[in-house]
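upload_4.cif (mmCIF, C-alpha atoms) appears below.
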```cif
data_entry
loop_
_atom_site.label_atom_id
_atom_site.label_comp_id
_atom_site.auth_asym_id
_atom_site.auth_seq_id
_atom_site.Cartn_x
_atom_site.Cartn_y
_atom_site.Cartn_z
CA MET A 1 -24.09 -1.14 -24.89
CA ASP A 2 -21.16 1.16 -24.97
CA LEU A 3 -19.50 0.67 -21.67
CA VAL A 4 -17.06 3.46 -22.03
CA MET A 5 -19.87 5.93 -22.36
CA THR A 6 -21.71 4.79 -19.28
CA ALA A 7 -19.46 6.58 -16.86
CA ARG A 8 -21.26 9.69 -15.76
CA HIS A 9 -18.15 11.67 -15.43
CA HIS A 10 -15.11 11.78 -17.62
CA GLY A 11 -12.87 14.36 -16.04
CA PRO A 12 -9.82 13.41 -14.06
CA GLU A 13 -11.27 14.53 -10.77
CA PRO A 14 -14.54 12.99 -9.72
CA SER A 15 -17.15 15.49 -8.76
CA THR A 16 -17.88 15.91 -5.11
CA GLN A 17 -20.84 18.10 -5.73
CA GLY A 18 -23.89 17.23 -3.78
CA MET A 19 -21.98 15.17 -1.30
CA HIS A 20 -22.04 17.66 1.50
CA ASP A 21 -25.73 18.34 1.53
CA LEU A 22 -26.08 16.84 4.95
CA THR A 23 -24.04 19.55 6.51
CA GLY A 24 -26.26 21.92 8.34
CA THR A 25 -29.32 19.72 8.28
CA ASP A 26 -30.79 19.03 11.62
CA THR A 27 -31.66 15.41 11.19
CA LEU A 28 -28.84 14.17 13.33
CA THR A 29 -29.60 15.84 16.63
CA GLY A 30 -27.55 18.86 15.79
CA THR A 31 -24.30 16.96 15.66
CA GLU A 32 -22.02 18.87 13.42
CA LEU A 33 -21.18 16.82 10.44
CA LYS A 34 -17.74 16.93 9.05
CA THR A 35 -17.54 17.55 5.38
CA ARG A 36 -15.36 15.14 3.57
CA ASP A 37 -13.97 15.03 0.15
CA VAL A 38 -15.79 11.97 -1.00
CA GLY A 39 -16.07 11.56 -4.71
CA GLN A 40 -17.87 9.47 -7.22
CA TRP A 41 -15.34 6.64 -7.46
CA GLU A 42 -15.04 6.33 -3.70
CA GLN A 43 -18.78 5.97 -3.49
CA ALA A 44 -18.86 3.47 -6.31
CA LEU A 45 -16.27 1.35 -4.47
CA ALA A 46 -18.36 1.50 -1.32
CA LEU A 47 -21.39 0.28 -3.26
CA VAL A 48 -19.43 -2.56 -4.81
CA ALA A 49 -18.16 -3.55 -1.37
CA LEU A 50 -21.55 -3.36 0.26
CA SER A 51 -23.90 -4.91 -2.20
CA ARG A 52 -21.90 -6.17 -5.17
CA ASP A 53 -23.48 -3.29 -7.04
CA LYS A 54 -22.85 -4.05 -10.70
CA GLN A 55 -23.97 -0.67 -11.89
CA ALA A 56 -21.44 1.06 -9.66
CA TYR A 57 -18.80 -1.43 -10.77
CA GLN A 58 -19.64 -0.77 -14.40
CA GLU A 59 -19.01 2.92 -13.87
CA LEU A 60 -15.62 2.18 -12.36
CA PHE A 61 -14.82 -0.30 -15.07
CA GLY A 62 -15.96 1.98 -17.87
CA TYR A 63 -13.76 4.78 -16.62
CA PHE A 64 -10.66 2.94 -15.49
CA ALA A 65 -10.37 0.01 -17.93
CA PRO A 66 -9.35 2.10 -20.97
CA ARG A 67 -7.06 4.24 -18.83
CA LEU A 68 -5.39 1.24 -17.25
CA ARG A 69 -4.95 -0.16 -20.74
CA ALA A 70 -3.23 3.01 -21.92
CA PHE A 71 -1.08 2.93 -18.78
CA GLY A 72 -0.29 -0.75 -19.36
CA ILE A 73 0.71 -0.22 -22.97
CA LYS A 74 3.05 2.52 -21.82
CA MET A 75 4.58 0.20 -19.23
CA PHE A 76 4.70 -3.12 -21.09
CA GLY A 77 4.95 -1.86 -24.61
CA ASN A 78 2.42 -4.38 -25.82
CA GLU A 79 -1.31 -4.74 -25.83
CA GLN A 80 -1.61 -8.33 -24.69
CA GLN A 81 0.17 -7.86 -21.39
CA ALA A 82 -1.53 -4.52 -20.91
CA LEU A 83 -4.94 -6.17 -21.14
CA GLU A 84 -3.86 -8.94 -18.81
CA MET A 85 -2.88 -6.27 -16.32
CA VAL A 86 -6.21 -4.46 -16.80
CA GLN A 87 -8.21 -7.61 -16.17
CA ASP A 88 -6.21 -8.66 -13.13
CA THR A 89 -6.33 -5.16 -11.65
CA LEU A 90 -10.04 -4.73 -12.13
CA LEU A 91 -10.71 -8.21 -10.78
CA ASN A 92 -8.89 -7.13 -7.63
CA VAL A 93 -11.02 -3.99 -7.51
CA TRP A 94 -14.16 -6.13 -7.69
CA GLN A 95 -13.01 -8.67 -5.15
CA LYS A 96 -11.28 -6.42 -2.66
CA ALA A 97 -13.44 -3.32 -2.74
CA ALA A 98 -14.20 -3.85 0.95
CA LEU A 99 -10.54 -3.27 1.73
CA PHE A 100 -10.56 0.18 0.21
CA ASP A 101 -10.47 2.82 2.92
CA PRO A 102 -11.49 6.31 1.80
CA ASN A 103 -9.78 7.78 4.85
CA ARG A 104 -6.43 6.68 3.55
CA GLY A 105 -6.61 7.99 0.05
CA CYS A 106 -8.73 8.30 -3.01
CA ALA A 107 -9.98 5.58 -5.29
CA SER A 108 -7.60 6.40 -8.11
CA THR A 109 -4.62 5.99 -5.78
CA TRP A 110 -5.89 2.64 -4.61
CA ILE A 111 -6.51 1.42 -8.14
CA PHE A 112 -3.10 2.66 -9.24
CA THR A 113 -1.34 0.76 -6.46
CA ILE A 114 -3.20 -2.43 -7.38
CA ALA A 115 -2.16 -2.04 -11.02
CA ARG A 116 1.42 -1.36 -9.95
CA ASN A 117 1.49 -4.51 -7.81
CA VAL A 118 -0.15 -6.63 -10.50
CA ARG A 119 2.39 -5.41 -13.02
CA PHE A 120 5.30 -6.09 -10.67
CA ASP A 121 4.17 -9.65 -10.02
CA MET A 122 3.54 -10.24 -13.73
CA LEU A 123 7.11 -9.24 -14.49
CA ARG A 124 8.48 -11.41 -11.70
CA LYS A 125 6.45 -14.36 -12.89
CA LYS A 126 7.81 -13.91 -16.37
CA GLN A 127 11.32 -14.07 -14.94
CA SER A 128 10.32 -17.19 -13.01
CA ARG A 129 11.08 -15.31 -9.85
CA LYS A 130 7.58 -15.33 -8.45
CA ASP A 131 8.61 -16.99 -5.21
CA ASP A 132 11.28 -14.44 -4.49
CA ILE A 133 10.45 -10.90 -3.54
CA SER A 134 6.79 -10.24 -4.33
CA ALA A 135 4.63 -7.13 -4.46
CA ASP A 136 3.17 -8.14 -1.11
CA ASP A 137 6.59 -7.87 0.51
CA LEU A 138 7.19 -4.48 -1.01
CA TRP A 139 3.89 -2.70 -0.71
CA ALA A 140 1.68 -4.65 1.65
CA ASP A 141 1.16 -1.88 4.14
CA GLY A 142 -1.35 0.74 3.16
CA ASP A 143 -2.44 -0.88 -0.05
CA TYR A 144 -4.72 -3.47 1.36
CA PRO A 145 -5.43 -1.95 4.70
CA GLU A 146 -6.65 -4.67 6.98
CA ALA A 147 -8.28 -2.72 9.71
CA GLU A 148 -9.37 -4.44 12.87
CA ASP A 149 -12.96 -3.75 12.13
CA HIS A 150 -13.16 -3.17 8.46
CA GLN A 151 -16.78 -4.13 8.32
CA THR A 152 -17.58 -0.85 9.96
CA GLN A 153 -15.02 1.14 8.02
CA LYS A 154 -16.67 0.77 4.71
CA TRP A 155 -19.85 2.12 6.17
CA GLU A 156 -18.33 5.30 7.29
CA LEU A 157 -18.44 6.63 3.80
CA TRP A 158 -22.08 5.95 3.55
CA LEU A 159 -23.20 7.61 6.68
CA ILE A 160 -22.49 10.98 5.24
CA THR A 161 -24.33 10.53 2.02
CA GLU A 162 -27.78 11.83 1.41
CA LYS A 163 -29.03 8.44 0.53
CA LEU A 164 -28.53 7.02 3.95
CA ALA A 165 -29.45 9.98 6.11
CA PRO A 166 -33.21 9.28 6.37
CA HIS A 167 -32.51 5.68 7.35
CA PHE A 168 -29.97 6.80 9.87
CA ALA A 169 -32.54 9.02 11.52
CA ALA A 170 -34.96 6.09 11.67
CA LEU A 171 -32.63 3.87 13.69
CA PRO A 172 -33.72 2.88 17.19
CA PRO A 173 -32.51 5.63 19.55
CA ALA A 174 -29.95 3.49 21.38
CA GLN A 175 -28.32 2.32 18.16
CA ARG A 176 -28.45 5.74 16.66
CA LEU A 177 -26.75 7.25 19.67
CA VAL A 178 -23.87 4.78 19.47
CA MET A 179 -23.55 5.31 15.74
CA GLU A 180 -23.40 9.08 16.16
CA LYS A 181 -20.70 8.84 18.78
CA VAL A 182 -18.60 6.47 16.73
CA TYR A 183 -19.06 7.81 13.23
CA LEU A 184 -19.81 11.45 13.62
CA GLU A 185 -17.83 12.29 16.73
CA GLU A 186 -15.18 9.72 15.90
CA MET A 187 -15.00 8.30 19.39
CA SER A 188 -13.50 4.89 19.88
CA HIS A 189 -15.75 2.01 20.85
CA GLN A 190 -14.14 2.02 24.28
CA GLU A 191 -14.78 5.73 24.79
CA VAL A 192 -18.42 5.30 23.83
CA ALA A 193 -18.78 2.41 26.25
CA GLU A 194 -17.38 4.54 29.07
CA LEU A 195 -19.44 7.59 28.17
CA LEU A 196 -22.72 5.70 28.04
CA GLY A 197 -21.83 3.33 30.87
CA ILE A 198 -22.48 0.22 28.79
CA PRO A 199 -20.22 -2.76 28.10
CA LEU A 200 -17.89 -2.63 25.14
CA GLY A 201 -19.59 -5.70 23.68
CA THR A 202 -22.89 -3.86 23.71
CA VAL A 203 -21.41 -0.97 21.78
CA LYS A 204 -20.16 -3.38 19.15
CA SER A 205 -23.48 -5.23 19.00
CA ARG A 206 -25.43 -2.04 18.57
CA ILE A 207 -23.17 -0.98 15.76
CA ARG A 208 -23.56 -4.32 14.03
CA LEU A 209 -27.31 -4.17 14.43
CA ALA A 210 -27.50 -0.63 13.15
CA LEU A 211 -25.35 -1.54 10.17
CA ASP A 212 -27.58 -4.47 9.32
CA ARG A 213 -30.61 -2.25 9.61
CA LEU A 214 -29.08 0.33 7.34
CA ARG A 215 -28.10 -2.32 4.86
CA GLU A 216 -31.66 -3.55 4.76
CA ALA A 217 -33.08 -0.10 4.43
CA LEU A 218 -30.72 0.56 1.59
CA ASP A 219 -31.65 -2.64 -0.20
CA ASP A 220 -35.35 -1.88 0.18
CA SER A 221 -35.06 1.63 -1.08
CA GLU A 222 -33.32 0.40 -4.20
CA ARG A 223 -35.92 -2.12 -5.07
CA MET B 224 15.67 5.07 23.67
CA THR B 225 14.37 5.84 20.23
CA GLN B 226 16.53 7.49 17.65
CA SER B 227 15.06 8.97 14.58
CA VAL B 228 16.07 7.87 11.14
CA ASN B 229 18.48 10.34 9.62
CA HIS B 230 19.59 8.85 6.34
CA HIS B 231 16.79 8.61 3.83
CA PRO B 232 16.41 7.61 0.21
CA SER B 233 16.14 10.49 -2.22
CA ILE B 234 12.74 11.50 -3.55
CA SER B 235 13.66 10.11 -6.97
CA LEU B 236 14.42 6.77 -5.42
CA LEU B 237 11.09 6.87 -3.60
CA GLU B 238 9.37 7.77 -6.86
CA LEU B 239 10.90 4.79 -8.63
CA TYR B 240 9.82 2.62 -5.73
CA CYS B 241 6.22 3.86 -5.84
CA ASP B 242 6.18 3.56 -9.58
CA GLY B 243 7.14 -0.10 -9.36
CA SER B 244 10.05 0.34 -11.73
CA LEU B 245 12.82 -0.22 -9.22
CA ASN B 246 14.44 -3.64 -9.26
CA ALA B 247 13.08 -5.93 -6.58
CA GLU B 248 16.14 -5.98 -4.35
CA VAL B 249 16.52 -2.21 -4.09
CA ALA B 250 12.73 -1.91 -3.76
CA LEU B 251 12.93 -4.29 -0.80
CA LEU B 252 15.53 -2.04 0.78
CA ILE B 253 13.25 0.98 0.36
CA ALA B 254 10.23 -0.92 1.63
CA THR B 255 12.23 -1.83 4.71
CA HIS B 256 13.32 1.75 5.23
CA LEU B 257 9.63 2.75 5.13
CA ASP B 258 8.90 0.26 7.90
CA TYR B 259 11.11 2.43 10.10
CA CYS B 260 10.39 5.87 8.75
CA PRO B 261 7.03 7.63 9.12
CA HIS B 262 8.36 10.61 7.22
CA CYS B 263 9.05 8.63 4.06
CA GLN B 264 5.78 6.76 4.50
CA GLN B 265 4.01 10.08 4.19
CA LEU B 266 6.06 10.92 1.11
CA ARG B 267 5.16 7.57 -0.34
CA ARG B 268 1.45 8.28 0.14
CA ASP B 269 1.88 11.67 -1.51
CA ILE B 270 3.69 10.17 -4.48
CA GLU B 271 1.12 7.42 -4.89
CA THR B 272 -1.66 9.97 -4.77
CA ASP B 273 0.04 11.83 -7.59
CA LEU B 274 0.51 8.68 -9.63
CA GLY B 275 -3.11 7.71 -9.06
CA ALA B 276 -4.31 11.11 -10.21
CA GLU B 277 -2.10 10.72 -13.25
CA LEU B 278 -3.72 7.40 -14.05
CA ALA B 279 -7.19 8.92 -13.69
CA ALA B 280 -6.18 11.75 -16.00
CA THR B 281 -4.69 9.48 -18.66
CA ASN B 282 -6.09 9.98 -22.10
CA PRO B 283 -7.44 6.52 -22.89
CA ALA B 284 -7.28 7.04 -26.64
CA THR B 285 -3.51 7.30 -26.90
CA SER B 286 -2.99 4.18 -28.98
CA VAL B 287 -4.11 3.64 -32.52
CA THR B 288 -6.00 0.45 -31.88
CA GLU B 289 -9.08 0.50 -29.75
CA VAL B 290 -10.60 -2.33 -27.82
CA HIS B 291 -14.05 -3.11 -29.06
CA SER B 292 -16.69 -2.38 -26.47
CA THR B 293 -18.00 -5.95 -26.64
CA ASP B 294 -14.55 -7.13 -25.55
CA TRP B 295 -14.66 -4.80 -22.58
CA LEU B 296 -18.13 -6.06 -21.79
CA GLU B 297 -16.95 -9.62 -21.93
CA MET B 298 -14.08 -8.85 -19.57
CA MET B 299 -16.38 -7.06 -17.17
CA ASN B 300 -18.95 -9.84 -17.12
CA LYS B 301 -16.24 -12.37 -16.47
CA ILE B 302 -15.06 -10.32 -13.50
CA THR B 303 -18.46 -9.70 -11.96
CA ALA B 304 -19.23 -13.42 -12.23
CA THR B 305 -16.39 -13.99 -9.77
CA PRO B 306 -17.33 -14.15 -6.11
CA GLN B 307 -16.07 -11.33 -3.96
CA LEU B 308 -13.52 -12.29 -1.39
CA PRO B 309 -14.89 -13.29 1.98
CA GLN B 310 -13.81 -11.37 5.05
CA ALA B 311 -10.05 -11.26 5.13
CA THR B 312 -8.76 -14.62 6.21
CA PRO B 313 -5.86 -14.20 8.60
CA ALA B 314 -2.82 -15.21 6.61
CA VAL B 315 -0.20 -17.38 8.24
CA GLN B 316 2.11 -14.91 9.89
CA PRO B 317 5.74 -15.54 9.04
CA ASP B 318 8.17 -15.67 11.91
CA SER B 319 9.14 -12.18 12.97
CA GLN B 320 12.10 -13.37 15.03
CA LEU B 321 15.53 -14.12 13.71
CA SER B 322 18.35 -15.70 15.70
CA ILE B 323 21.99 -15.35 14.86
CA GLY B 324 25.17 -15.25 16.91
CA GLY B 325 23.24 -16.04 20.05
CA TYR B 326 21.02 -12.98 19.67
CA GLN B 327 17.34 -12.55 18.81
CA PHE B 328 16.23 -9.86 16.38
CA GLU B 329 12.77 -8.62 15.57
CA LEU B 330 12.38 -8.35 11.80
CA PRO B 331 10.43 -5.53 10.12
CA ARG B 332 7.31 -6.50 8.22
CA SER B 333 8.80 -6.26 4.76
CA LEU B 334 11.50 -8.84 5.52
CA ARG B 335 9.52 -11.42 7.45
CA ARG B 336 8.43 -13.62 4.57
CA ILE B 337 11.57 -13.32 2.53
CA ALA B 338 13.93 -13.81 5.50
CA GLY B 339 12.43 -17.27 5.91
CA LYS B 340 13.89 -18.11 2.52
CA ARG B 341 17.44 -17.11 3.39
CA SER B 342 20.33 -19.40 2.66
CA LYS B 343 22.69 -20.65 5.38
CA TRP B 344 24.62 -18.16 7.43
CA LEU B 345 28.26 -17.84 6.51
CA SER B 346 30.29 -16.67 9.48
CA MET B 347 33.71 -15.19 9.76
CA GLY B 348 34.89 -13.66 12.99
CA GLY B 349 32.08 -11.57 14.40
CA ILE B 350 30.42 -11.23 11.03
CA ALA B 351 27.84 -13.40 9.31
CA THR B 352 25.86 -13.08 6.12
CA ALA B 353 22.90 -14.98 4.72
CA ARG B 354 21.80 -14.50 1.17
CA LEU B 355 18.16 -13.68 0.46
CA PRO B 356 16.53 -14.93 -2.72
CA SER B 357 17.76 -12.51 -5.37
CA GLY B 358 19.07 -12.82 -8.86
CA GLU B 359 21.88 -11.35 -10.88
CA PRO B 360 22.98 -8.68 -10.98
CA HIS B 361 21.67 -7.90 -7.51
CA HIS B 362 22.54 -9.54 -4.27
CA ALA B 363 20.43 -9.03 -1.19
CA SER B 364 21.60 -10.43 2.10
CA LEU B 365 21.29 -10.11 5.82
CA LEU B 366 24.45 -8.96 7.50
CA PHE B 367 25.19 -9.56 11.15
CA ILE B 368 27.97 -7.65 12.88
CA ASP B 369 28.73 -8.57 16.45
CA LYS B 370 29.42 -5.90 19.07
CA GLN B 371 32.80 -4.21 18.86
CA THR B 372 33.50 -5.63 15.41
CA ASP B 373 34.92 -4.05 12.28
CA VAL B 374 33.74 -5.04 8.87
CA PRO B 375 36.84 -6.13 6.95
CA LEU B 376 37.71 -4.05 3.95
CA HIS B 377 35.90 -5.35 0.99
CA THR B 378 35.59 -4.33 -2.61
CA HIS B 379 32.52 -4.22 -4.73
CA GLN B 380 32.06 -3.19 -8.29
CA GLY B 381 28.65 -1.68 -8.01
CA LEU B 382 26.67 0.20 -5.46
CA GLU B 383 26.54 -1.12 -1.98
CA MET B 384 23.38 -0.20 -0.16
CA THR B 385 23.00 -0.99 3.50
CA LEU B 386 20.03 -0.54 5.77
CA VAL B 387 20.50 -0.83 9.51
CA LEU B 388 17.81 -3.05 11.03
CA SER B 389 19.00 -3.25 14.61
CA GLY B 390 21.88 -1.88 16.64
CA GLU B 391 24.14 0.76 15.17
CA MET B 392 27.09 1.26 12.88
CA VAL B 393 29.62 3.99 12.33
CA ASP B 394 31.87 4.88 9.46
CA GLU B 395 33.89 7.91 8.44
CA ASN B 396 30.71 9.74 7.47
CA GLY B 397 28.64 9.22 10.53
CA ARG B 398 26.63 7.05 12.78
CA TYR B 399 23.71 4.93 11.60
CA VAL B 400 20.72 3.71 13.57
CA PRO B 401 17.84 1.39 12.61
CA GLY B 402 16.15 2.61 9.44
CA ASP B 403 19.18 4.53 8.20
CA LEU B 404 20.10 3.93 4.59
CA ILE B 405 23.76 3.99 3.61
CA ILE B 406 24.68 4.09 -0.07
CA ASN B 407 28.28 3.62 -1.10
CA SER B 408 29.53 3.93 -4.62
CA PRO B 409 32.49 1.86 -5.84
CA ASP B 410 34.77 4.83 -5.19
CA ASP B 411 33.88 5.12 -1.57
CA THR B 412 36.49 3.76 0.75
CA HIS B 413 34.58 3.42 3.91
CA LYS B 414 35.12 1.19 6.83
CA PRO B 415 31.94 0.36 8.69
CA ARG B 416 32.33 -0.65 12.29
CA ASN B 417 30.14 -1.63 15.14
CA ILE B 418 31.71 0.12 18.10
CA SER B 419 28.71 -0.34 20.35
CA ASP B 420 28.00 -3.03 22.90
CA GLU B 421 24.97 -4.23 20.98
CA PRO B 422 25.00 -6.54 17.98
CA CYS B 423 24.02 -5.01 14.67
CA LEU B 424 21.82 -6.49 11.94
CA CYS B 425 21.63 -4.99 8.45
CA LEU B 426 20.06 -5.61 5.10
CA SER B 427 22.63 -5.30 2.38
CA VAL B 428 22.06 -4.97 -1.36
CA LEU B 429 24.88 -5.06 -3.86
CA SER B 430 24.22 -4.05 -7.41
CA ALA B 431 26.22 -4.36 -10.57
CA PRO B 432 27.36 -1.00 -11.90
CA LEU B 433 25.63 -1.16 -15.25
CA GLN B 434 22.26 -1.02 -13.54
CA PHE B 435 23.00 2.35 -12.13
CA LYS B 436 24.53 4.37 -14.89
CA GLU B 437 21.49 6.51 -15.46
CA GLY B 438 20.30 7.25 -12.02
CA LEU B 439 23.52 7.19 -10.10
CA THR B 440 23.97 10.85 -9.41
CA ARG B 441 20.38 11.62 -8.67
CA TRP B 442 20.29 8.75 -6.24
CA LEU B 443 23.37 9.84 -4.46
CA ASN B 444 22.95 13.57 -4.26
CA PRO B 445 20.48 13.99 -1.50
CA LEU B 446 21.78 11.06 0.43
CA GLN B 447 21.74 12.65 3.76
CA ARG B 448 18.61 14.61 4.20
CA PHE B 449 18.03 15.72 7.74
CA PHE B 450 14.46 16.26 8.72
CA TYR B 451 14.42 16.48 12.43
#
```

What's the structure tokens form of this structure?
Amino acid sequence: MDLVMTARHHGPEPSTQGMHDLTGTDTLTGTELKTRDVGQWEQALALVALSRDKQAYQELFGYFAPRLRAFGIKMFGNEQQALEMVQDTLLNVWQKAALFDPNRGCASTWIFTIARNVRFDMLRKKQSRKDDISADDLWADGDYPEAEDHQTQKWELWLITEKLAPHFAALPPAQRLVMEKVYLEEMSHQEVAELLGIPLGTVKSRIRLALDRLREALDDSER
Amino acid sequence: MTQSVNHHPSISLLELYCDGSLNAEVALLIATHLDYCPHCQQLRRDIETDLGAELAATNPATSVTEVHSTDWLEMMNKITATPQLPQATPAVQPDSQLSIGGYQFELPRSLRRIAGKRSKWLSMGGIATARLPSGEPHHASLLFIDKQTDVPLHTHQGLEMTLVLSGEMVDENGRYVPGDLIINSPDDTHKPRNISDEPCLCLSVLSAPLQFKEGLTRWLNPLQRFFY
């Protein structure tokens, strides 16, 4: 298998074509959907985060591994360290995909910042200065966004994709209503609770339930 | 009363920071400035977006040797055999408070961990310094200046970079509030003073001159950019 060739897309900018097809459809009780610039790599990260999707990961790996290597060779001046950086960076991508937040930037930015941090810590380690200033001190904010509720964040991306729309429409009405308010109208959980006159805990439960349902539906449809 | 940050790092300095090629001590100073400055945070995001796009646009076939696809496959399989991280475990939060001279200061995020590793405070009059872990040729330290206190004249061979963390300072060139970055070259004869009734805490980084030959002028030029 030639991994490098498995990436569907080789240009610098991932295609966003076909991602906005939901706009204008009437499946979501006429709520106007916002179009977002969600690309291939952002989606692949969401799939890796959600279901350890190896196919999606392979696409990311196939595209970014050789580029990170070229970047690493430029930075380190040698292949061995470059490959160490590639492996460490892409391991982070695999393990921390759930921390990627498409609202804060695109996938390539996120992957770049991981590579930058990995490289910084590699250099510090080499100087036996690992316990001094570390990449986490310098770039912690924004790179690994730890949102209060990041379980729901990673779903946001999905709710606007074609793949999930039919399942979204099939949610029980109460859950669907909460989901629409939170994800499509971008209301806070508290605002939704006040609007619908239900406890905050109920809003959160309904979201969790709906997410589980969607996860199941997604798993089933891929079988 | 909130006062906006007025003295920012230059774009080139921010670029070096985002790039990861700045030495750790100066990078720490920039990271700390960002903790105070939403404007530079936005710039940082913009720069990182650029750098990320550059990475994505890299031509992977720039070097003569190529990695065999089975080696890539092996690396990938090794990675995907690793479990994904569980939900973020709350890390032990380092102490955000610092006491010196009978005062309590709230430390910015970037300094919390590293400030715990400071050496003993050395005091002299209303001034105290504590060295942070840093190696030659850079020295990073916390600098405490009590209210109504002048910093004695001191000499330094390299650049002296100071970031105000709390309180305020004045010198011949102006007044500095938390988040403000002050860069002084060896030629500068400035006399920082705390003329306020509040104590002042700073992060100070001293660098040997040889480190700065190349970038000196481009770092210094846009020293005082006023945004607001």

Legend entry - Picked residues, the PyMOL selection byres ((chain B and resi 258-269) around 7), as a PyMOL selection string: chain B and resi 228+237+241+254-257+270-273+331-332+402

Inset, instruction - Output the contact residues of chain B with respect to chain A at a cut-off of 9 Å, based on only C-alpha atoms, as number ranges by chain. - result: B: 240-244, 247-248, 250-255, 258, 268, 271-286, 289-290, 292-293, 295-296, 298-299, 301-303, 305-311, 332-337, 340, 355-358

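Atom CA of Asp373 of chain B is found 9.6 Å from atom CA of Gly348 of chain B.
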
Legend entry - Interatomic distance, atom CA of Trp344 of chain B to atom CA of Asp403 of chain B (Å, one decimal): 23.3 Å

Inset, instruction - Name the residues captured by the PyMOL selection byres ((chain B and resi 417-421) around 9) when it is applied to the shown file; answer as a ChimeraX atom specification. - result: /B:368-374,389-394,415-416,422-423

Selected residues, C-alpha atoms, written as a PDB file, in the coordinates of the input, please.
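Final file, out_30.pdb:
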```pdb
ATOM      1  CA  ILE B 368      27.970  -7.650  12.880  1.00  0.00           C
ATOM      2  CA  ASP B 369      28.730  -8.570  16.450  1.00  0.00           C
ATOM      3  CA  LYS B 370      29.420  -5.900  19.070  1.00  0.00           C
ATOM      4  CA  GLN B 371      32.800  -4.210  18.860  1.00  0.00           C
ATOM      5  CA  THR B 372      33.500  -5.630  15.410  1.00  0.00           C
ATOM      6  CA  ASP B 373      34.920  -4.050  12.280  1.00  0.00           C
ATOM      7  CA  VAL B 374      33.740  -5.040   8.870  1.00  0.00           C
ATOM      8  CA  SER B 389      19.000  -3.250  14.610  1.00  0.00           C
ATOM      9  CA  GLY B 390      21.880  -1.880  16.640  1.00  0.00           C
ATOM     10  CA  GLU B 391      24.140   0.760  15.170  1.00  0.00           C
ATOM     11  CA  MET B 392      27.090   1.260  12.880  1.00  0.00           C
ATOM     12  CA  VAL B 393      29.620   3.990  12.330  1.00  0.00           C
ATOM     13  CA  ASP B 394      31.870   4.880   9.460  1.00  0.00           C
ATOM     14  CA  PRO B 415      31.940   0.360   8.690  1.00  0.00           C
ATOM     15  CA  ARG B 416      32.330  -0.650  12.290  1.00  0.00           C
ATOM     16  CA  PRO B 422      25.000  -6.540  17.980  1.00  0.00           C
ATOM     17  CA  CYS B 423      24.020  -5.010  14.670  1.00  0.00           C
TER      18      CYS B 423
END
```
